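Shown next, in structure tokens, is the structure this report addresses.
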Amino acid sequence: MPVRLFNTLTGQIDPLVPSDGQALRMYACGPTVYDYGHIGNFRTFLQIDVLRRFLKLSGVEIRHVMNITDVDDKIIRNSSEAGLSIGDYSARYVDAFFEDIEALRIERPEEIARATEHIPRMVELVQRLSQSGAAYKTEDGSWYFRLASFPEYGKLSKKDLSGMEDGARVDVDEYEKDSARDFALWKAAKPGETAWDTAIGHGRPGWHIECSAMSMEFLGDSFDLHAGGEDLMFPHHENEIAQSESVTHKPLAHHWMHVRFLLVDGRKMSKSEGNFYTLRDLLLKGYKASAIRLALISVPYRHQLNFTFEGLIEATAAIERLRNFHERLVNGAFAAGENSDIQTAAKDAQAEYMASLANDLNTAEARAPIFDLIRASNSAIDHGRFFDCDRNAVLKVLASFDAVFDVIEDHDAEPTKRAVAWAEQSGRQADIAPELQARLSLSDEAIDALVAERTQAKKQRNFARADQIRNELAEKGILIEDSKDGVRWKRK
Ligand SMILES: [Zn+2]
């Protein structure tokens, strides 16, 4: 079953298949590295991760390229304020970005392209645009794209640009939503700014030309899919199309995917509203990386997600259910045989799960059959009607769920520890939630020692001490489970 995905360009849901019959070539706009990523950014990267993982699960080979914008207006301004070179300034945020996507289990694209390492390709593209009359140079030595030379401008965002003034220009990387102007391809260096000496002058590339040059360098003139956040549709993606198609006369990408913004508590996220969260902010509040991942992917990418703390708590509980059930299957002892009801339920759940994701990545619908199967299986186990073959069938469904959702296997300790270490190094200790601090104050060895002491106390019938230890641990988020096979503990 091919993946069917909404295509902004055609305005309909189209099948997404590799046009060369081999690998699906996709380009996704990556981060501009001037600050730590916020949850709105990560929602986009996570939804693209869902797509790439589902393609792989469906047997489609992919070649995924993501850029890193490591030169732009903000980076130049911030680095000069900090008295650093742009490389030194952005390095910290590049590292932070990779740490954050690792924490969220976002797979690395096959290629990461840093803008500052591909300047010659951008210069070459400006030269080709100049030869075809689509680019012109201004008195200060900057280069602009002539919108009037590309009548198809606006075909992606479906904007009516009839009132467009010929020759009106804008030189900043981000501009008002509805104004179409000739935009900068290359900016002449202002005194003291980082710049490159090139055949088209001393300066630096505009933001849009970076993505045109690098996507075509890695994926060819025409590729299968271009993805990004909805805020990039206009003007960034529209400009990419104009720059690339003016020289190639081929569609830059056949398919365009745009991930919708999220709201926080029903409002637009902004620093001034006080509802602005980076991934690190949430980890320091004690939320698990897996819960953040699940909360950000459970609403399909074309729907607006309203991010709330209740939503995170719900995601935490859902993951708990998944992990407990998985553990029950892996550690349980089941008699040989099978229950045909469970076999059918597993097959149906798998089919429904795959069909929901194939239908425009409907992650919300894809979750439902998995949790239904868990309920049915738990009930069968409770009634002694769940067998060895059922375990294998259900574990297979969970594995394909986790191939995309990736929350069952517990990798949560490391990102939290790293976030806390980062907060301590960067003077943000005050942001570490007291409950989290208490939870982390106990090492595994210290917990083992307390658990052993409790076992000893119980043997000596000192139940008061045993209960005291259990309560102390519970306060720090450590749960003790007594079972036939001995005592186990886990962090909540
Ligand atoms: Zn881009």
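In the structure tokens, the first chain shown is A, the next is B, and so on; residue numbers restart at 1 for each chain, and ligands run from 1 in the order shown.
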- [ ] Check every protein, DNA and RNA residue against ligand 1, keep those with an atom at most 10 Å away (counting only C-alpha atoms and all ligand atoms), and present them as a list of chain:residue names.
- [x] A:Tyr27, A:Ala28, A:Cys29, A:Gly30, A:Pro31, A:Thr32, A:Met66, A:Asn67, A:Ile68, A:Thr69, A:Trp207, A:His208, A:Ile209, A:Glu210, A:Cys211, A:Ser212, A:Met214, A:Ser215, A:His226, A:Ala227, A:Gly228, A:Gly229, A:Leu232, A:Met233, A:His236, A:His237, A:Asn239, A:Glu240
Atoms kept (C-alpha atoms) for selection, written as an mmCIF file, in the first residue's frame:
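Heads up, here's the output in result_10.cif:
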```cif
data_model
loop_
_atom_site.group_PDB
_atom_site.id
_atom_site.type_symbol
_atom_site.label_atom_id
_atom_site.label_comp_id
_atom_site.auth_asym_id
_atom_site.auth_seq_id
_atom_site.Cartn_x
_atom_site.Cartn_y
_atom_site.Cartn_z
ATOM 1 C CA TYR A 27 14.618 17.425 1.420
ATOM 2 C CA ALA A 28 13.543 18.979 4.694
ATOM 3 C CA CYS A 29 14.388 22.503 5.811
ATOM 4 C CA GLY A 30 16.445 22.210 8.978
ATOM 5 C CA PRO A 31 17.126 24.550 11.864
ATOM 6 C CA THR A 32 18.619 28.016 11.836
ATOM 7 C CA MET A 66 18.389 18.272 5.805
ATOM 8 C CA ASN A 67 20.163 21.611 5.829
ATOM 9 C CA ILE A 68 21.530 23.559 8.724
ATOM 10 C CA THR A 69 21.304 27.303 8.230
ATOM 11 C CA TRP A 207 18.541 32.224 3.252
ATOM 12 C CA HIS A 208 16.387 31.013 0.341
ATOM 13 C CA ILE A 209 19.244 30.327 -2.086
ATOM 14 C CA GLU A 210 20.861 28.000 0.469
ATOM 15 C CA CYS A 211 18.052 25.473 0.234
ATOM 16 C CA SER A 212 17.749 25.681 -3.557
ATOM 17 C CA MET A 214 21.870 22.326 -1.495
ATOM 18 C CA SER A 215 18.708 20.386 -2.311
ATOM 19 C CA HIS A 226 10.178 18.780 -0.004
ATOM 20 C CA ALA A 227 9.038 19.212 3.608
ATOM 21 C CA GLY A 228 9.006 21.875 6.291
ATOM 22 C CA GLY A 229 6.897 23.803 8.765
ATOM 23 C CA LEU A 232 8.062 28.179 5.431
ATOM 24 C CA MET A 233 5.502 27.755 2.641
ATOM 25 C CA HIS A 236 10.734 30.575 1.693
ATOM 26 C CA HIS A 237 9.489 27.607 -0.337
ATOM 27 C CA ASN A 239 11.290 31.490 -3.372
ATOM 28 C CA GLU A 240 13.096 28.159 -3.571
#
```
Open item on the list: When you look at segment 260-265 of chain A with a cut-off of 6 Å (counting only C-alpha atoms), what residues show up, excluding the ones that are within fewer than 4 positions of it in the same chain? I need them as a PyMOL selection string.
Closed with: chain A and resi 40+230+269+302+304-308
Task: Using only C-alpha atoms: which of A:Ala333, A:Leu279, A:Leu16, A:Val71 has the shortest distance to Arg52 of chain A - done: A:Leu16
Quick check for you: according to DSSP on this backbone, which residues of segment 48-122 of chain A are classed as helix (DSSP H, G or I)? Reply as a PDB file with N, CA and C atoms, in the first residue's frame.
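Produced file selection_34.pdb, reproduced below:
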```
ATOM      1  N   ILE A  48       8.161  14.774  10.438  1.00  0.00           N
ATOM      2  CA  ILE A  48       8.956  14.311   9.297  1.00  0.00           C
ATOM      3  C   ILE A  48       9.620  12.976   9.649  1.00  0.00           C
ATOM      4  N   ASP A  49       9.975  12.822  10.915  1.00  0.00           N
ATOM      5  CA  ASP A  49      10.529  11.546  11.393  1.00  0.00           C
ATOM      6  C   ASP A  49       9.486  10.431  11.281  1.00  0.00           C
ATOM      7  N   VAL A  50       8.241  10.754  11.599  1.00  0.00           N
ATOM      8  CA  VAL A  50       7.158   9.772  11.457  1.00  0.00           C
ATOM      9  C   VAL A  50       7.054   9.342   9.993  1.00  0.00           C
ATOM     10  N   LEU A  51       7.125  10.316   9.100  1.00  0.00           N
ATOM     11  CA  LEU A  51       7.056   9.982   7.674  1.00  0.00           C
ATOM     12  C   LEU A  51       8.213   9.077   7.277  1.00  0.00           C
ATOM     13  N   ARG A  52       9.446   9.460   7.654  1.00  0.00           N
ATOM     14  CA  ARG A  52      10.585   8.653   7.184  1.00  0.00           C
ATOM     15  C   ARG A  52      10.551   7.246   7.791  1.00  0.00           C
ATOM     16  N   ARG A  53      10.155   7.139   9.039  1.00  0.00           N
ATOM     17  CA  ARG A  53      10.091   5.818   9.659  1.00  0.00           C
ATOM     18  C   ARG A  53       8.986   4.965   9.032  1.00  0.00           C
ATOM     19  N   PHE A  54       7.850   5.602   8.710  1.00  0.00           N
ATOM     20  CA  PHE A  54       6.775   4.826   8.105  1.00  0.00           C
ATOM     21  C   PHE A  54       7.146   4.386   6.690  1.00  0.00           C
ATOM     22  N   LEU A  55       7.827   5.248   5.956  1.00  0.00           N
ATOM     23  CA  LEU A  55       8.292   4.856   4.620  1.00  0.00           C
ATOM     24  C   LEU A  55       9.204   3.634   4.732  1.00  0.00           C
ATOM     25  N   LYS A  56      10.117   3.690   5.691  1.00  0.00           N
ATOM     26  CA  LYS A  56      11.038   2.557   5.871  1.00  0.00           C
ATOM     27  C   LYS A  56      10.285   1.297   6.262  1.00  0.00           C
ATOM     28  N   LEU A  57       9.327   1.456   7.165  1.00  0.00           N
ATOM     29  CA  LEU A  57       8.529   0.300   7.594  1.00  0.00           C
ATOM     30  C   LEU A  57       7.761  -0.288   6.404  1.00  0.00           C
ATOM     31  N   ASP A  73      20.778  36.550   9.018  1.00  0.00           N
ATOM     32  CA  ASP A  73      20.761  37.844   9.706  1.00  0.00           C
ATOM     33  C   ASP A  73      20.928  37.704  11.219  1.00  0.00           C
ATOM     34  N   LYS A  74      20.124  36.802  11.800  1.00  0.00           N
ATOM     35  CA  LYS A  74      20.118  36.682  13.262  1.00  0.00           C
ATOM     36  C   LYS A  74      21.450  36.151  13.772  1.00  0.00           C
ATOM     37  N   ILE A  75      22.002  35.159  13.075  1.00  0.00           N
ATOM     38  CA  ILE A  75      23.277  34.587  13.525  1.00  0.00           C
ATOM     39  C   ILE A  75      24.373  35.645  13.464  1.00  0.00           C
ATOM     40  N   ILE A  76      24.367  36.431  12.382  1.00  0.00           N
ATOM     41  CA  ILE A  76      25.385  37.471  12.247  1.00  0.00           C
ATOM     42  C   ILE A  76      25.227  38.513  13.354  1.00  0.00           C
ATOM     43  N   ARG A  77      23.987  38.914  13.612  1.00  0.00           N
ATOM     44  CA  ARG A  77      23.741  39.927  14.638  1.00  0.00           C
ATOM     45  C   ARG A  77      24.129  39.392  16.027  1.00  0.00           C
ATOM     46  N   ASN A  78      23.625  38.201  16.366  1.00  0.00           N
ATOM     47  CA  ASN A  78      23.889  37.657  17.703  1.00  0.00           C
ATOM     48  C   ASN A  78      25.365  37.359  17.933  1.00  0.00           C
ATOM     49  N   SER A  79      26.045  36.845  16.891  1.00  0.00           N
ATOM     50  CA  SER A  79      27.451  36.483  17.100  1.00  0.00           C
ATOM     51  C   SER A  79      28.279  37.746  17.277  1.00  0.00           C
ATOM     52  N   SER A  80      27.929  38.805  16.547  1.00  0.00           N
ATOM     53  CA  SER A  80      28.746  40.018  16.720  1.00  0.00           C
ATOM     54  C   SER A  80      28.473  40.642  18.090  1.00  0.00           C
ATOM     55  N   GLU A  81      27.227  40.528  18.572  1.00  0.00           N
ATOM     56  CA  GLU A  81      26.944  41.008  19.934  1.00  0.00           C
ATOM     57  C   GLU A  81      27.720  40.207  20.989  1.00  0.00           C
ATOM     58  N   ALA A  82      27.894  38.907  20.699  1.00  0.00           N
ATOM     59  CA  ALA A  82      28.600  38.048  21.657  1.00  0.00           C
ATOM     60  C   ALA A  82      30.109  38.113  21.467  1.00  0.00           C
ATOM     61  N   ILE A  86      30.888  33.622  13.579  1.00  0.00           N
ATOM     62  CA  ILE A  86      29.605  32.944  13.437  1.00  0.00           C
ATOM     63  C   ILE A  86      29.751  31.437  13.664  1.00  0.00           C
ATOM     64  N   GLY A  87      30.921  30.887  13.303  1.00  0.00           N
ATOM     65  CA  GLY A  87      31.156  29.454  13.509  1.00  0.00           C
ATOM     66  C   GLY A  87      31.156  29.094  14.987  1.00  0.00           C
ATOM     67  N   ASP A  88      31.885  29.908  15.779  1.00  0.00           N
ATOM     68  CA  ASP A  88      31.944  29.622  17.218  1.00  0.00           C
ATOM     69  C   ASP A  88      30.586  29.846  17.869  1.00  0.00           C
ATOM     70  N   TYR A  89      29.901  30.896  17.389  1.00  0.00           N
ATOM     71  CA  TYR A  89      28.593  31.183  17.988  1.00  0.00           C
ATOM     72  C   TYR A  89      27.598  30.068  17.701  1.00  0.00           C
ATOM     73  N   SER A  90      27.533  29.616  16.449  1.00  0.00           N
ATOM     74  CA  SER A  90      26.499  28.646  16.096  1.00  0.00           C
ATOM     75  C   SER A  90      26.844  27.223  16.541  1.00  0.00           C
ATOM     76  N   ALA A  91      28.141  26.952  16.792  1.00  0.00           N
ATOM     77  CA  ALA A  91      28.545  25.574  17.129  1.00  0.00           C
ATOM     78  C   ALA A  91      27.761  25.039  18.327  1.00  0.00           C
ATOM     79  N   ARG A  92      27.567  25.896  19.331  1.00  0.00           N
ATOM     80  CA  ARG A  92      26.855  25.474  20.542  1.00  0.00           C
ATOM     81  C   ARG A  92      25.418  25.044  20.198  1.00  0.00           C
ATOM     82  N   TYR A  93      24.794  25.781  19.270  1.00  0.00           N
ATOM     83  CA  TYR A  93      23.393  25.477  18.957  1.00  0.00           C
ATOM     84  C   TYR A  93      23.268  24.298  17.984  1.00  0.00           C
ATOM     85  N   VAL A  94      24.313  24.087  17.194  1.00  0.00           N
ATOM     86  CA  VAL A  94      24.328  22.897  16.333  1.00  0.00           C
ATOM     87  C   VAL A  94      24.392  21.660  17.228  1.00  0.00           C
ATOM     88  N   ASP A  95      25.324  21.688  18.195  1.00  0.00           N
ATOM     89  CA  ASP A  95      25.454  20.556  19.120  1.00  0.00           C
ATOM     90  C   ASP A  95      24.145  20.339  19.887  1.00  0.00           C
ATOM     91  N   ALA A  96      23.560  21.440  20.352  1.00  0.00           N
ATOM     92  CA  ALA A  96      22.317  21.335  21.126  1.00  0.00           C
ATOM     93  C   ALA A  96      21.209  20.727  20.273  1.00  0.00           C
ATOM     94  N   PHE A  97      21.150  21.124  19.015  1.00  0.00           N
ATOM     95  CA  PHE A  97      20.114  20.586  18.133  1.00  0.00           C
ATOM     96  C   PHE A  97      20.258  19.067  18.003  1.00  0.00           C
ATOM     97  N   PHE A  98      21.466  18.588  17.777  1.00  0.00           N
ATOM     98  CA  PHE A  98      21.640  17.139  17.619  1.00  0.00           C
ATOM     99  C   PHE A  98      21.374  16.387  18.921  1.00  0.00           C
ATOM    100  N   GLU A  99      21.733  17.006  20.046  1.00  0.00           N
ATOM    101  CA  GLU A  99      21.406  16.390  21.334  1.00  0.00           C
ATOM    102  C   GLU A  99      19.888  16.294  21.499  1.00  0.00           C
ATOM    103  N   ASP A 100      19.211  17.369  21.121  1.00  0.00           N
ATOM    104  CA  ASP A 100      17.757  17.404  21.300  1.00  0.00           C
ATOM    105  C   ASP A 100      17.052  16.398  20.390  1.00  0.00           C
ATOM    106  N   ILE A 101      17.493  16.306  19.134  1.00  0.00           N
ATOM    107  CA  ILE A 101      16.782  15.350  18.267  1.00  0.00           C
ATOM    108  C   ILE A 101      17.090  13.913  18.707  1.00  0.00           C
ATOM    109  N   GLU A 102      18.269  13.720  19.262  1.00  0.00           N
ATOM    110  CA  GLU A 102      18.573  12.382  19.786  1.00  0.00           C
ATOM    111  C   GLU A 102      17.665  12.074  20.981  1.00  0.00           C
ATOM    112  N   ALA A 103      17.485  13.074  21.848  1.00  0.00           N
ATOM    113  CA  ALA A 103      16.614  12.885  23.014  1.00  0.00           C
ATOM    114  C   ALA A 103      15.203  12.509  22.562  1.00  0.00           C
ATOM    115  N   ALA A 115      25.064  25.173   5.454  1.00  0.00           N
ATOM    116  CA  ALA A 115      25.078  26.227   4.426  1.00  0.00           C
ATOM    117  C   ALA A 115      26.488  26.762   4.174  1.00  0.00           C
ATOM    118  N   THR A 116      27.251  27.000   5.250  1.00  0.00           N
ATOM    119  CA  THR A 116      28.559  27.628   5.056  1.00  0.00           C
ATOM    120  C   THR A 116      29.545  26.712   4.317  1.00  0.00           C
ATOM    121  N   GLU A 117      29.206  25.442   4.174  1.00  0.00           N
ATOM    122  CA  GLU A 117      30.099  24.521   3.460  1.00  0.00           C
ATOM    123  C   GLU A 117      29.722  24.369   1.984  1.00  0.00           C
ATOM    124  N   ILE A 119      28.894  27.266  -0.123  1.00  0.00           N
ATOM    125  CA  ILE A 119      28.791  28.619  -0.708  1.00  0.00           C
ATOM    126  C   ILE A 119      29.039  28.598  -2.236  1.00  0.00           C
ATOM    127  N   PRO A 120      30.055  27.849  -2.726  1.00  0.00           N
ATOM    128  CA  PRO A 120      30.309  27.887  -4.185  1.00  0.00           C
ATOM    129  C   PRO A 120      29.081  27.471  -5.013  1.00  0.00           C
ATOM    130  N   ARG A 121      28.290  26.502  -4.512  1.00  0.00           N
ATOM    131  CA  ARG A 121      27.092  26.094  -5.257  1.00  0.00           C
ATOM    132  C   ARG A 121      26.059  27.215  -5.301  1.00  0.00           C
ATOM    133  N   MET A 122      25.994  27.993  -4.240  1.00  0.00           N
ATOM    134  CA  MET A 122      25.025  29.099  -4.186  1.00  0.00           C
ATOM    135  C   MET A 122      25.451  30.203  -5.154  1.00  0.00           C
TER     136      MET A 122
END
```
TODO: Excluding Ala438 of chain A and residues on its chain fewer than 2 positions from it, collect all residues at most 12 Å away from it, counting only C-alpha atoms, and give them as a PyMOL selection string.
DONE: chain A and resi 286+432-436+440-443+472-478+491
So that I have them on file, write out the residues from the current selection with all heavy atoms, as a short mmCIF file (atom, residue, chain, number, x, y, z; two decimals), in the first residue's frame.
```cif
data_model
loop_
_atom_site.label_atom_id
_atom_site.label_comp_id
_atom_site.auth_asym_id
_atom_site.auth_seq_id
_atom_site.Cartn_x
_atom_site.Cartn_y
_atom_site.Cartn_z
N GLY A 286 10.71 17.88 34.48
CA GLY A 286 10.53 16.50 34.90
C GLY A 286 9.74 15.65 33.92
O GLY A 286 9.47 14.48 34.20
N ILE A 432 15.42 23.57 37.41
CA ILE A 432 15.26 22.13 37.61
C ILE A 432 14.17 21.91 38.66
O ILE A 432 14.27 22.39 39.78
CB ILE A 432 16.58 21.47 38.08
CG1 ILE A 432 17.73 21.85 37.14
CG2 ILE A 432 16.42 19.96 38.17
CD1 ILE A 432 19.11 21.43 37.64
N ALA A 433 13.12 21.20 38.28
CA ALA A 433 12.00 20.98 39.19
C ALA A 433 12.48 20.23 40.44
O ALA A 433 13.28 19.30 40.33
CB ALA A 433 10.91 20.17 38.49
N PRO A 434 12.02 20.64 41.64
CA PRO A 434 12.47 19.98 42.88
C PRO A 434 12.23 18.46 42.85
O PRO A 434 13.07 17.69 43.31
CB PRO A 434 11.62 20.64 43.96
CG PRO A 434 11.15 21.93 43.37
CD PRO A 434 11.11 21.75 41.89
N GLU A 435 11.07 18.03 42.29
CA GLU A 435 10.79 16.58 42.25
C GLU A 435 11.84 15.86 41.42
O GLU A 435 12.25 14.75 41.74
CB GLU A 435 9.42 16.27 41.62
CG GLU A 435 8.25 17.03 42.20
CD GLU A 435 8.10 18.39 41.55
OE1 GLU A 435 7.82 18.50 40.36
OE2 GLU A 435 8.31 19.39 42.28
N LEU A 436 12.24 16.52 40.33
CA LEU A 436 13.24 15.90 39.46
C LEU A 436 14.58 15.82 40.18
O LEU A 436 15.26 14.79 40.14
CB LEU A 436 13.37 16.72 38.16
CG LEU A 436 14.42 16.24 37.17
CD1 LEU A 436 14.13 14.81 36.70
CD2 LEU A 436 14.50 17.17 35.96
N LEU A 440 16.69 12.45 41.01
CA LEU A 440 18.02 12.18 40.49
C LEU A 440 19.07 12.10 41.59
O LEU A 440 20.20 11.70 41.36
CB LEU A 440 18.42 13.25 39.48
CG LEU A 440 17.59 13.26 38.20
CD1 LEU A 440 17.95 14.46 37.36
CD2 LEU A 440 17.81 11.98 37.40
N SER A 441 18.68 12.51 42.82
CA SER A 441 19.67 12.53 43.89
C SER A 441 20.04 11.11 44.33
O SER A 441 21.02 10.91 45.02
CB SER A 441 19.14 13.33 45.09
OG SER A 441 18.00 12.67 45.62
N LEU A 442 19.27 10.13 43.91
CA LEU A 442 19.55 8.74 44.29
C LEU A 442 20.18 8.00 43.12
O LEU A 442 19.58 7.92 42.05
CB LEU A 442 18.25 8.05 44.64
CG LEU A 442 17.75 8.17 46.08
CD1 LEU A 442 16.46 7.38 46.23
CD2 LEU A 442 18.79 7.66 47.07
N SER A 443 21.37 7.46 43.32
CA SER A 443 21.99 6.66 42.27
C SER A 443 21.37 5.27 42.28
O SER A 443 20.73 4.86 43.26
CB SER A 443 23.49 6.56 42.49
OG SER A 443 23.71 5.81 43.67
N GLU A 472 9.90 6.37 51.45
CA GLU A 472 10.98 7.30 51.10
C GLU A 472 11.28 7.21 49.61
O GLU A 472 11.45 8.21 48.93
CB GLU A 472 12.25 6.92 51.87
CG GLU A 472 12.48 7.74 53.13
CD GLU A 472 13.72 7.21 53.86
OE1 GLU A 472 14.74 6.89 53.20
OE2 GLU A 472 13.63 7.11 55.09
N LEU A 473 11.36 5.97 49.13
CA LEU A 473 11.66 5.77 47.71
C LEU A 473 10.51 6.28 46.84
O LEU A 473 10.74 6.91 45.81
CB LEU A 473 11.95 4.29 47.42
CG LEU A 473 13.30 3.79 47.95
CD1 LEU A 473 13.40 2.28 47.81
CD2 LEU A 473 14.46 4.46 47.20
N ALA A 474 9.29 6.03 47.27
CA ALA A 474 8.13 6.47 46.49
C ALA A 474 8.12 7.98 46.34
O ALA A 474 7.81 8.52 45.28
CB ALA A 474 6.83 5.99 47.14
N GLU A 475 8.51 8.68 47.41
CA GLU A 475 8.56 10.14 47.35
C GLU A 475 9.54 10.62 46.30
O GLU A 475 9.40 11.69 45.74
CB GLU A 475 8.99 10.71 48.71
CG GLU A 475 7.82 11.00 49.63
CD GLU A 475 8.29 11.26 51.06
OE1 GLU A 475 9.39 11.83 51.22
OE2 GLU A 475 7.56 10.88 51.99
N LYS A 476 10.55 9.81 46.06
CA LYS A 476 11.55 10.18 45.05
C LYS A 476 11.26 9.51 43.71
O LYS A 476 12.13 9.44 42.84
CB LYS A 476 12.95 9.83 45.57
CG LYS A 476 13.29 10.70 46.77
CD LYS A 476 14.66 10.47 47.32
CE LYS A 476 14.94 11.54 48.39
NZ LYS A 476 16.21 11.33 49.04
N GLY A 477 10.06 9.02 43.56
CA GLY A 477 9.64 8.49 42.26
C GLY A 477 10.16 7.08 41.97
O GLY A 477 10.19 6.66 40.83
N ILE A 478 10.58 6.35 43.01
CA ILE A 478 11.05 4.98 42.79
C ILE A 478 9.97 4.01 43.27
O ILE A 478 9.54 4.07 44.42
CB ILE A 478 12.34 4.68 43.60
CG1 ILE A 478 13.36 5.82 43.46
CG2 ILE A 478 12.92 3.32 43.22
CD1 ILE A 478 13.90 6.03 42.09
N ARG A 491 12.15 3.54 38.17
CA ARG A 491 11.91 4.98 38.32
C ARG A 491 10.61 5.32 37.60
O ARG A 491 10.37 4.85 36.51
CB ARG A 491 13.05 5.79 37.71
CG ARG A 491 14.38 5.62 38.43
CD ARG A 491 15.46 6.45 37.77
NE ARG A 491 16.79 6.07 38.26
CZ ARG A 491 17.39 6.63 39.29
NH1 ARG A 491 16.80 7.61 39.94
NH2 ARG A 491 18.59 6.25 39.69
#
```
TODO: Within 6 Å of segment 184-197 of chain A, counting only C-alpha atoms, which residues show up once you throw out same-chain ones fewer than 5 positions away? Write them as a PyMOL selection string, please.
DONE: chain A and resi 141-144+171+202-206+209
Could you dump the residues just selected with N, CA and C atoms as a short mmCIF file (atom, residue, chain, number, x, y, z; two decimals), in the first residue's frame?
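Result saved to result_2.cif:
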```
data_model
loop_
_atom_site.label_atom_id
_atom_site.label_comp_id
_atom_site.auth_asym_id
_atom_site.auth_seq_id
_atom_site.Cartn_x
_atom_site.Cartn_y
_atom_site.Cartn_z
N GLY A 141 26.13 46.07 -4.38
CA GLY A 141 26.80 44.80 -4.64
C GLY A 141 25.99 43.59 -4.24
N SER A 142 24.73 43.79 -3.82
CA SER A 142 23.87 42.65 -3.51
C SER A 142 23.18 42.16 -4.79
N TRP A 143 22.66 40.95 -4.72
CA TRP A 143 21.93 40.38 -5.86
C TRP A 143 20.50 40.07 -5.45
N TYR A 144 19.58 40.33 -6.38
CA TYR A 144 18.16 40.08 -6.11
C TYR A 144 17.55 39.20 -7.20
N ASP A 171 15.24 43.05 1.67
CA ASP A 171 16.56 42.45 1.84
C ASP A 171 16.71 41.66 3.13
N HIS A 202 31.84 40.31 -2.69
CA HIS A 202 32.18 40.04 -1.29
C HIS A 202 30.87 40.08 -0.50
N GLY A 203 30.45 38.96 0.03
CA GLY A 203 29.18 38.97 0.75
C GLY A 203 28.80 37.59 1.25
N ARG A 204 27.52 37.39 1.38
CA ARG A 204 27.04 36.10 1.91
C ARG A 204 25.69 35.77 1.28
N PRO A 205 25.34 34.47 1.30
CA PRO A 205 24.10 34.08 0.63
C PRO A 205 22.86 34.50 1.41
N GLY A 206 21.76 34.73 0.71
CA GLY A 206 20.46 34.89 1.36
C GLY A 206 19.99 33.51 1.81
N ILE A 209 18.37 30.94 -1.07
CA ILE A 209 19.24 30.33 -2.09
C ILE A 209 19.98 29.12 -1.51
#
```
- [ ] Please provide as a ChimeraX atom specification all residues within 9 Å of Ala346 of chain A, with the sequence filter that same-chain residues fewer than 3 positions apart are discarded (counting only C-alpha atoms).
- [x] /A:341-343,349-351,370,373,390,393-394,396-397
Written file, previous selection with N, CA, C and O atoms, as an mmCIF file, in the first residue's frame:
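File produced: again_22.cif:
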```
data_model
loop_
_atom_site.group_PDB
_atom_site.id
_atom_site.type_symbol
_atom_site.label_atom_id
_atom_site.label_comp_id
_atom_site.auth_asym_id
_atom_site.auth_seq_id
_atom_site.Cartn_x
_atom_site.Cartn_y
_atom_site.Cartn_z
ATOM 1 N N ASP A 341 -8.994 -15.826 18.528
ATOM 2 C CA ASP A 341 -9.500 -14.451 18.650
ATOM 3 C C ASP A 341 -8.341 -13.446 18.718
ATOM 4 O O ASP A 341 -8.387 -12.382 18.109
ATOM 5 N N ILE A 342 -7.315 -13.818 19.497
ATOM 6 C CA ILE A 342 -6.159 -12.915 19.619
ATOM 7 C C ILE A 342 -5.390 -12.863 18.300
ATOM 8 O O ILE A 342 -4.941 -11.793 17.864
ATOM 9 N N GLN A 343 -5.269 -14.017 17.650
ATOM 10 C CA GLN A 343 -4.577 -14.042 16.354
ATOM 11 C C GLN A 343 -5.267 -13.099 15.367
ATOM 12 O O GLN A 343 -4.621 -12.313 14.673
ATOM 13 N N ALA A 349 -5.381 -5.425 13.921
ATOM 14 C CA ALA A 349 -4.741 -4.228 14.485
ATOM 15 C C ALA A 349 -3.589 -3.786 13.584
ATOM 16 O O ALA A 349 -3.433 -2.600 13.283
ATOM 17 N N GLN A 350 -2.811 -4.757 13.134
ATOM 18 C CA GLN A 350 -1.669 -4.439 12.263
ATOM 19 C C GLN A 350 -2.147 -3.791 10.957
ATOM 20 O O GLN A 350 -1.603 -2.773 10.513
ATOM 21 N N ALA A 351 -3.178 -4.352 10.368
ATOM 22 C CA ALA A 351 -3.686 -3.829 9.091
ATOM 23 C C ALA A 351 -4.245 -2.423 9.274
ATOM 24 O O ALA A 351 -3.992 -1.522 8.464
ATOM 25 N N ILE A 370 -3.884 -0.248 18.388
ATOM 26 C CA ILE A 370 -2.825 -0.803 19.244
ATOM 27 C C ILE A 370 -3.327 -0.894 20.687
ATOM 28 O O ILE A 370 -3.173 -1.927 21.357
ATOM 29 N N LEU A 373 -5.871 -3.611 21.056
ATOM 30 C CA LEU A 373 -5.235 -4.934 21.119
ATOM 31 C C LEU A 373 -4.655 -5.192 22.516
ATOM 32 O O LEU A 373 -4.725 -6.313 23.024
ATOM 33 N N ASP A 390 0.283 -16.360 20.695
ATOM 34 C CA ASP A 390 -0.372 -15.046 20.790
ATOM 35 C C ASP A 390 0.655 -13.991 21.195
ATOM 36 O O ASP A 390 0.659 -12.881 20.675
ATOM 37 N N ALA A 393 2.627 -13.081 18.174
ATOM 38 C CA ALA A 393 1.857 -12.272 17.217
ATOM 39 C C ALA A 393 1.700 -10.841 17.727
ATOM 40 O O ALA A 393 1.868 -9.879 16.969
ATOM 41 N N VAL A 394 1.403 -10.685 19.015
ATOM 42 C CA VAL A 394 1.166 -9.346 19.565
ATOM 43 C C VAL A 394 2.488 -8.567 19.665
ATOM 44 O O VAL A 394 2.536 -7.366 19.380
ATOM 45 N N LYS A 396 4.878 -8.769 17.669
ATOM 46 C CA LYS A 396 5.196 -8.298 16.305
ATOM 47 C C LYS A 396 4.451 -6.993 15.998
ATOM 48 O O LYS A 396 5.003 -6.083 15.378
ATOM 49 N N VAL A 397 3.214 -6.915 16.432
ATOM 50 C CA VAL A 397 2.440 -5.677 16.213
ATOM 51 C C VAL A 397 3.077 -4.523 16.994
ATOM 52 O O VAL A 397 3.241 -3.417 16.478
#
```
